[in-house]
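A.B. asks: Sharing structure30.txt here; it has compact mmCIF, C-alpha atoms.
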# COMPACT_ATOMS: atom_id res chain seq x y z
CA MET A 29 0.00 0.00 0.00
CA PRO A 30 1.48 3.40 -0.96
CA GLU A 31 2.11 6.02 1.72
CA LEU A 32 2.15 9.80 1.69
CA GLU A 33 4.09 12.01 4.09
CA LEU A 34 1.85 14.84 5.29
CA SER A 35 2.25 17.58 7.89
CA ALA A 36 0.72 15.45 10.68
CA GLY A 37 2.44 12.21 9.73
CA THR A 38 2.31 9.37 7.22
CA LEU A 39 -0.97 8.28 5.62
CA ALA A 40 -1.35 4.94 3.86
CA TYR A 41 -3.83 4.73 1.03
CA GLU A 42 -5.16 2.53 -1.75
CA ASP A 43 -5.36 3.82 -5.31
CA THR A 44 -6.96 1.76 -8.07
CA GLY A 45 -5.56 4.11 -10.72
CA GLY A 46 -6.97 4.68 -14.17
CA ASP A 47 -8.20 7.64 -16.18
CA GLY A 48 -11.77 7.71 -14.88
CA PRO A 49 -13.26 10.26 -12.52
CA VAL A 50 -11.82 10.15 -9.02
CA ALA A 51 -13.72 9.13 -5.90
CA VAL A 52 -12.01 9.55 -2.53
CA LEU A 53 -13.64 7.27 0.03
CA LEU A 54 -13.40 8.10 3.75
CA HIS A 55 -14.03 5.80 6.71
CA GLY A 56 -14.88 6.38 10.37
CA VAL A 57 -13.38 5.97 13.82
CA ALA A 58 -11.51 2.75 14.69
CA MET A 59 -11.64 1.55 11.07
CA ASP A 60 -9.42 1.70 8.02
CA GLY A 61 -9.87 1.84 4.28
CA SER A 62 -11.01 -1.79 4.19
CA LEU A 63 -14.49 -0.49 5.07
CA TRP A 64 -14.80 0.06 1.30
CA ARG A 65 -13.44 -3.34 0.22
CA ASN A 66 -16.84 -4.48 -1.15
CA VAL A 67 -17.60 -1.17 -2.87
CA VAL A 68 -14.33 -0.40 -4.65
CA PRO A 69 -14.40 -3.46 -6.98
CA ARG A 70 -17.91 -2.44 -8.06
CA LEU A 71 -16.71 1.06 -8.99
CA ALA A 72 -13.32 0.35 -10.57
CA PRO A 73 -12.05 0.54 -13.26
CA ASP A 74 -14.60 3.10 -14.53
CA ILE A 75 -14.06 5.20 -11.39
CA ARG A 76 -10.60 5.69 -9.91
CA CYS A 77 -10.96 4.96 -6.21
CA VAL A 78 -8.54 6.53 -3.73
CA VAL A 79 -9.01 5.26 -0.18
CA PRO A 80 -6.84 6.77 2.57
CA THR A 81 -6.61 5.33 6.07
CA LEU A 82 -7.19 8.34 8.29
CA PRO A 83 -5.63 8.77 11.76
CA LEU A 84 -8.84 7.76 13.54
CA GLY A 85 -7.55 4.71 15.41
CA GLY A 86 -7.29 2.13 12.65
CA HIS A 87 -4.06 3.62 11.26
CA ARG A 88 -0.82 1.63 11.61
CA ARG A 89 1.69 4.47 11.92
CA PRO A 90 1.23 7.00 14.72
CA MET A 91 1.02 10.66 13.84
CA ARG A 92 3.62 13.12 15.04
CA PRO A 93 3.30 14.16 18.69
CA GLY A 94 1.35 17.39 18.92
CA ALA A 95 -0.28 16.99 15.47
CA ASP A 96 -3.69 18.64 15.16
CA LEU A 97 -6.00 15.62 15.19
CA SER A 98 -9.15 17.50 16.12
CA VAL A 99 -12.14 16.95 13.83
CA LEU A 100 -11.16 20.03 11.83
CA GLY A 101 -7.49 19.04 11.92
CA VAL A 102 -8.24 15.66 10.32
CA ALA A 103 -10.51 17.37 7.77
CA ARG A 104 -7.64 19.67 6.85
CA LEU A 105 -5.43 16.60 6.53
CA VAL A 106 -7.89 15.29 3.91
CA ALA A 107 -7.55 18.58 2.03
CA GLU A 108 -3.76 18.30 2.22
CA PHE A 109 -3.99 14.71 0.95
CA LEU A 110 -5.99 15.84 -2.10
CA GLU A 111 -3.52 18.62 -2.79
CA ARG A 112 -0.42 16.45 -2.48
CA LEU A 113 -1.86 13.87 -4.90
CA ASP A 114 -3.07 16.73 -7.15
CA LEU A 115 -6.58 15.28 -7.25
CA THR A 116 -9.21 17.58 -8.76
CA ASP A 117 -12.95 17.37 -9.43
CA VAL A 118 -13.05 14.71 -6.74
CA THR A 119 -16.19 12.91 -5.58
CA LEU A 120 -15.56 13.09 -1.84
CA THR A 121 -17.41 10.26 -0.16
CA MET A 122 -17.86 9.83 3.58
CA ASN A 123 -19.39 7.16 5.77
CA ASP A 124 -19.64 7.24 9.58
CA TRP A 125 -17.09 10.07 9.91
CA GLY A 126 -18.72 13.39 9.04
CA GLY A 127 -15.73 15.65 9.57
CA ALA A 128 -15.14 16.12 5.87
CA GLN A 129 -18.20 18.39 5.82
CA ALA A 130 -15.99 20.90 7.65
CA LEU A 131 -13.93 21.36 4.48
CA VAL A 132 -16.75 23.41 2.99
CA ALA A 133 -17.04 25.67 6.04
CA ASP A 134 -13.25 25.94 6.17
CA GLY A 135 -13.05 27.07 2.54
CA ARG A 136 -10.94 24.08 1.46
CA ASP A 137 -13.38 22.45 -0.95
CA GLN A 138 -11.93 23.70 -4.24
CA ARG A 139 -10.81 20.22 -5.30
CA ILE A 140 -14.21 18.68 -4.56
CA GLY A 141 -16.49 18.35 -7.58
CA ARG A 142 -19.19 16.28 -5.89
CA LEU A 143 -20.13 15.16 -2.39
CA VAL A 144 -21.47 11.74 -1.45
CA ILE A 145 -22.64 11.84 2.15
CA THR A 146 -23.70 8.45 3.49
CA SER A 147 -24.91 7.83 7.04
CA CYS A 148 -22.45 9.83 9.12
CA GLU A 149 -21.98 12.40 11.84
CA ALA A 150 -23.85 15.61 11.14
CA PHE A 151 -25.13 18.68 12.96
CA ASP A 152 -24.38 18.16 16.67
CA ASN A 153 -24.22 14.34 16.53
CA PHE A 154 -20.46 14.27 17.31
CA PRO A 155 -19.46 11.75 18.70
CA PRO A 156 -22.51 9.93 17.39
CA GLY A 157 -25.18 8.08 19.29
CA LEU A 158 -24.71 5.61 22.10
CA PRO A 159 -21.40 4.14 20.82
CA GLY A 160 -20.00 7.65 20.32
CA HIS A 161 -20.93 8.73 23.84
CA ASN A 162 -19.38 5.53 25.18
CA LEU A 163 -16.16 6.23 23.26
CA TYR A 164 -16.04 9.81 24.54
CA ALA A 165 -16.47 8.64 28.13
CA ALA A 166 -13.63 6.12 27.68
CA ALA A 167 -11.34 8.75 26.16
CA LYS A 168 -11.77 11.06 29.16
CA VAL A 169 -10.40 8.45 31.60
CA PRO A 170 -6.68 7.53 31.70
CA GLY A 171 -6.39 4.04 30.25
CA GLY A 172 -10.04 4.12 29.22
CA LEU A 173 -9.47 3.48 25.52
CA ALA A 174 -7.17 0.53 26.24
CA ALA A 175 -9.88 -0.99 28.43
CA ALA A 176 -12.72 -0.25 26.01
CA PHE A 177 -10.98 -1.74 22.98
CA GLY A 178 -9.53 -4.59 25.01
CA LEU A 179 -13.11 -5.65 25.65
CA LEU A 180 -13.62 -5.88 21.88
CA LYS A 181 -11.20 -8.80 21.72
CA LEU A 182 -14.28 -10.72 22.90
CA ARG A 183 -16.34 -11.13 19.76
CA PRO A 184 -19.76 -11.15 21.48
CA ALA A 185 -18.96 -7.70 22.90
CA ARG A 186 -18.82 -6.31 19.37
CA ARG A 187 -22.58 -6.73 18.94
CA SER A 188 -23.43 -4.67 22.02
CA PRO A 189 -25.45 -1.48 21.42
CA MET A 190 -22.69 0.30 23.35
CA THR A 191 -20.07 -0.71 20.78
CA TRP A 192 -20.72 -1.92 17.22
CA GLY A 193 -24.10 -3.62 17.50
CA ARG A 194 -25.95 -0.61 16.11
CA MET A 195 -23.44 0.07 13.35
CA THR A 196 -24.33 -2.87 11.09
CA ARG A 197 -27.38 -5.09 10.76
CA ARG A 198 -25.10 -8.07 10.19
CA PRO A 199 -21.77 -8.68 11.94
CA VAL A 200 -18.65 -7.41 10.22
CA PRO A 201 -16.35 -10.39 9.52
CA PRO A 202 -14.24 -10.92 12.65
CA GLU A 203 -10.95 -10.88 10.75
CA VAL A 204 -11.85 -7.44 9.33
CA MET A 205 -12.66 -6.06 12.77
CA ASP A 206 -9.48 -7.61 14.17
CA GLY A 207 -7.57 -5.60 11.57
CA TRP A 208 -9.42 -2.41 12.52
CA PHE A 209 -8.77 -2.80 16.25
CA ARG A 210 -5.26 -4.28 16.29
CA PRO A 211 -3.46 -0.90 16.18
CA LEU A 212 -5.45 0.20 19.24
CA TRP A 213 -4.70 -3.09 21.01
CA THR A 214 -0.97 -2.88 20.42
CA SER A 215 0.09 0.77 20.22
CA PRO A 216 -0.16 3.38 22.99
CA GLU A 217 0.66 6.04 20.37
CA ILE A 218 -2.31 5.04 18.22
CA ARG A 219 -4.53 5.22 21.31
CA ARG A 220 -3.04 8.67 21.98
CA ASP A 221 -3.98 9.77 18.46
CA LEU A 222 -7.55 8.50 18.84
CA ARG A 223 -7.91 10.14 22.25
CA THR A 224 -6.73 13.45 20.79
CA TYR A 225 -9.34 13.15 18.06
CA VAL A 226 -12.24 12.15 20.30
CA LEU A 227 -11.56 14.96 22.76
CA GLY A 228 -11.10 17.43 19.89
CA VAL A 229 -14.78 17.77 18.97
CA PRO A 230 -15.67 21.48 18.78
CA PRO A 231 -18.59 23.11 20.60
CA ARG A 232 -22.13 22.52 19.37
CA ALA A 233 -22.36 26.01 17.84
CA GLU A 234 -19.34 25.31 15.63
CA LEU A 235 -20.73 21.95 14.51
CA LEU A 236 -24.01 23.59 13.52
CA ARG A 237 -22.10 26.30 11.65
CA TRP A 238 -20.37 23.62 9.58
CA ALA A 239 -23.72 22.16 8.60
CA GLU A 240 -25.16 25.56 7.72
CA ALA A 241 -22.15 26.25 5.47
CA LEU A 242 -23.26 23.42 3.20
CA ARG A 243 -25.81 25.87 1.76
CA GLY A 244 -22.87 27.36 -0.10
CA PHE A 245 -21.78 24.11 -1.78
CA ASP A 246 -22.93 24.75 -5.36
CA ARG A 247 -21.95 21.40 -6.85
CA PRO A 248 -23.88 18.10 -7.06
CA ALA A 249 -24.39 16.09 -3.91
CA LEU A 250 -25.81 12.67 -3.14
CA VAL A 251 -27.11 12.02 0.37
CA ALA A 252 -27.58 8.26 0.83
CA TRP A 253 -28.76 7.33 4.31
CA ALA A 254 -29.56 4.04 5.99
CA ALA A 255 -33.31 3.96 6.49
CA GLU A 256 -32.99 2.00 9.73
CA ASP A 257 -29.96 3.80 11.17
CA LYS A 258 -29.78 3.63 14.96
CA VAL A 259 -26.75 5.92 15.39
CA MET A 260 -27.07 8.58 12.67
CA PRO A 261 -30.72 9.72 12.62
CA PRO A 262 -32.33 9.35 9.17
CA GLU A 263 -33.79 12.81 9.67
CA HIS A 264 -30.22 14.16 9.51
CA GLY A 265 -29.92 12.83 5.97
CA ARG A 266 -33.10 14.64 4.96
CA ARG A 267 -31.94 17.85 6.61
CA LEU A 268 -28.54 17.71 4.89
CA ALA A 269 -30.22 17.23 1.52
CA GLN A 270 -32.36 20.32 2.19
CA LEU A 271 -29.27 22.37 3.02
CA LEU A 272 -27.31 21.37 -0.08
CA PRO A 273 -28.60 23.32 -3.13
CA HIS A 274 -28.08 20.49 -5.65
CA ALA A 275 -28.67 17.34 -3.64
CA ARG A 276 -30.42 14.09 -4.31
CA HIS A 277 -31.62 12.19 -1.23
CA VAL A 278 -31.96 8.40 -1.12
CA GLU A 279 -32.71 6.10 1.80
CA ILE A 280 -31.19 2.62 1.67
CA ALA A 281 -33.21 -0.22 3.17
CA ASP A 282 -31.90 -3.10 5.28
CA SER A 283 -28.86 -1.22 6.54
CA TYR A 284 -27.51 0.47 9.62
CA THR A 285 -24.76 3.11 9.61
CA LEU A 286 -22.03 1.20 7.78
CA ILE A 287 -23.76 1.01 4.42
CA PRO A 288 -20.53 -0.20 2.72
CA GLU A 289 -20.83 -3.30 4.93
CA ASP A 290 -24.59 -3.86 4.85
CA GLN A 291 -25.47 -2.76 1.31
CA PRO A 292 -22.28 -2.37 -0.78
CA GLU A 293 -23.98 -3.32 -4.05
CA ARG A 294 -26.77 -0.75 -3.68
CA LEU A 295 -24.34 1.97 -2.59
CA ALA A 296 -22.02 1.25 -5.51
CA GLU A 297 -24.98 1.36 -7.90
CA LEU A 298 -26.00 4.79 -6.62
CA MET A 299 -22.45 6.09 -6.76
CA ARG A 300 -21.86 4.85 -10.30
CA GLU A 301 -25.04 6.56 -11.48
CA PHE A 302 -24.15 9.75 -9.64
CA VAL A 303 -20.51 9.97 -10.76
CA LEU A 304 -20.72 8.61 -14.30
CA ASP A 305 -24.11 10.04 -15.30
CA GLY A 306 -23.76 13.28 -13.38
CA SER A 307 -27.04 12.75 -11.57
CA SER A 308 -27.69 15.42 -8.96
CA GLY A 309 -31.41 15.04 -8.47
Give the structure from this file in structure tokens form.

C.D. replies:
Amino acid sequence: MPELELSAGTLAYEDTGGDGPVAVLLHGVAMDGSLWRNVVPRLAPDIRCVVPTLPLGGHRRPMRPGADLSVLGVARLVAEFLERLDLTDVTLTMNDWGGAQALVADGRDQRIGRLVITSCEAFDNFPPGLPGHNLYAAAKVPGGLAAAFGLLKLRPARRSPMTWGRMTRRPVPPEVMDGWFRPLWTSPEIRRDLRTYVLGVPPRAELLRWAEALRGFDRPALVAWAAEDKVMPPEHGRRLAQLLPHARHVEIADSYTLIPEDQPERLAELMREFVLDGSSG
């Protein structure tokens, strides 16, 4: 997997290559780019898929001490990633992690040609739902993240509503989740990075300002939300689509938050139509 040296540290990423339009696919907390493993083959080779592993706990190489890993800091790292790879007219796609919405409010969206927002943090739902509040509580206590993720070595614990039980309708394959959690099991520095991120959520007023700034995004957007989401309220998807001037809103049945896990074929179908046919609703 190629790596890119950025201001905060080294990011690994997958790049399918090709001459097609570019989609950059972003994952959430305590995951890596493998979240998209069932979507990318359905998009490539017609769409060039670039999938970075963000410093959100599933990354293998710790970031530099003191790096800005707040929500906005990681969003700015995404902007730096696009710039360093000289990616333009990008379809920026997010699932679970909603921080990339901050790029619009921060004025760093020039390289984004389209947005695909799938069930993710929005408005003041940072950290999201019951699992997000549980993660925040763990991050506030010394050693809390080590204890919380140590519990997830027990596979039944992964289906608890307090952890990952509300993230997918069907269990994520255990070997995939093992890969997501292993850096947090083995590296104090990775746990440090995640703690910095979790405790770096801005005040509610700032989060709402980010959402309001989406009114100024004048390019096509697709808002695809899990109809049965237990962590990211489906109403948030409808509200985001109302804010975005050129948005199409779709609800995806039989899925919780991690649509790339529960409904990869349907999500890929919507993305192909949106990117290749220019559908904006």

A.B. asks: List as a list in words the protein and nucleic acid residues near region 269-278 of chain A, meaning an atom at most 8 Å away when only C-alpha atoms are counted, but skip any in the same chain fewer than 4 places from it.

C.D. replies: Ala239, Glu240, Leu242, Arg243, Gly244, Phe245, Asp246, Arg247, Pro248, Ala249, Leu250, Val251, Ala252, Trp253, Gly265, Ser308 and Gly309 of chain A

A.B. asks: Rank nothing, just name the residue among A:Leu113, A:Ala107, A:Val99, A:Leu143 nearest to Pro155 (chain A), using only C-alpha atoms.

C.D. replies: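 Closest to Pro155 (chain A), using only C-alpha atoms: A:Val99.
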
A.B. asks: Quick one: residues within 7 Å of region 235-238 of chain A, all atoms listed in the file, excluding same-chain residues fewer than 6 positions away - as a list in words?

C.D. replies: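 Skipping anything fewer than 6 positions along the chain leaves Gln129, Ala130, Ala133, Phe151 and Asp152 of chain A.
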
A.B. asks: What is the CA of Pro231 (chain A) to CA of Gly37 (chain A) distance in Å?

C.D. replies: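 Atom-to-atom, CA of Pro231 (chain A) to CA of Gly37 (chain A), that is 26.1 Å.
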
A.B. asks: Between CA of Val68 (chain A) and CA of Pro288 (chain A), what is the distance, to one decimal in Å?

C.D. replies: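 Between these atoms lies a distance of 9.6 Å.
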
A.B. asks: By how many Å are CA of Gly135 (chain A) and CA of Leu53 (chain A) apart?

C.D. replies: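 Between CA of Gly135 (chain A) and CA of Leu53 (chain A) the gap works out to 20.0 Å.
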
A.B. asks: Near Pro69 (chain A), within 12 Å and counting only C-alpha atoms, which residues show up once chain neighbours fewer than 2 positions away are dropped, as a list in words?

C.D. replies: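 The neighbour list is Asp43, Thr44, Ser62, Trp64, Arg65, Asn66, Val67, Leu71, Ala72, Pro73, Asp74, Ile75, Arg76, Cys77, Pro288, Pro292, Glu293, Ala296, Glu297 and Arg300 of chain A.
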
A.B. asks: Let me make sure I understand: among A:Leu163, A:Met122, A:Leu268, A:Val169, which one has the smallest atom-to-atom distance to Val144 (chain A) if we use only C-alpha atoms?

C.D. replies: A:Met122

A.B. asks: Using all atoms listed in the file, which residues sit within 12 Å of Asp206 (chain A) once same-chain residues fewer than 2 positions away are excluded, as a ChimeraX atom specification?

C.D. replies: /A:58-60,62,86,177-178,180-183,186,200-204,208-214

A.B. asks: Of the candidates A:Ala167, A:Leu39, A:Leu298, A:Val303, which one gets nearest to Gly228 (chain A) if we count only C-alpha atoms?

C.D. replies: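 So, comparing all the options, the nearest one is A:Ala167.
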
A.B. asks: Residues near His161 (chain A), anyone? I mean within 12 Å using only C-alpha atoms, not counting same-chain ones fewer than 5 positions away, as an MDAnalysis selection string.

C.D. replies: chainID A and resid 153:156 166:168 189:191 226:227 229 259

A.B. asks: My list of candidates is A:Leu120, A:Phe109, A:Gly45, A:Pro83. Which is closest to Arg223 (chain A) when distances are computed with all atoms listed in the file?

C.D. replies: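 Result for the nearest residue to Arg223 (chain A): A:Pro83.
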
A.B. asks: Between A:Pro230, A:Gly141, A:Gly48, A:Pro170, single out the one closest to Thr116 (chain A), counting all atoms listed in the file.

C.D. replies: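 Of A:Pro230, A:Gly141, A:Gly48, A:Pro170, the one nearest Thr116 (chain A), counting all atoms listed in the file, is A:Gly141.
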
A.B. asks: Which residue, A:His55, A:Arg89, A:Arg294, A:Lys258, has the smallest gap to Ile145 (chain A) when you use all atoms listed in the file?

C.D. replies: A:His55
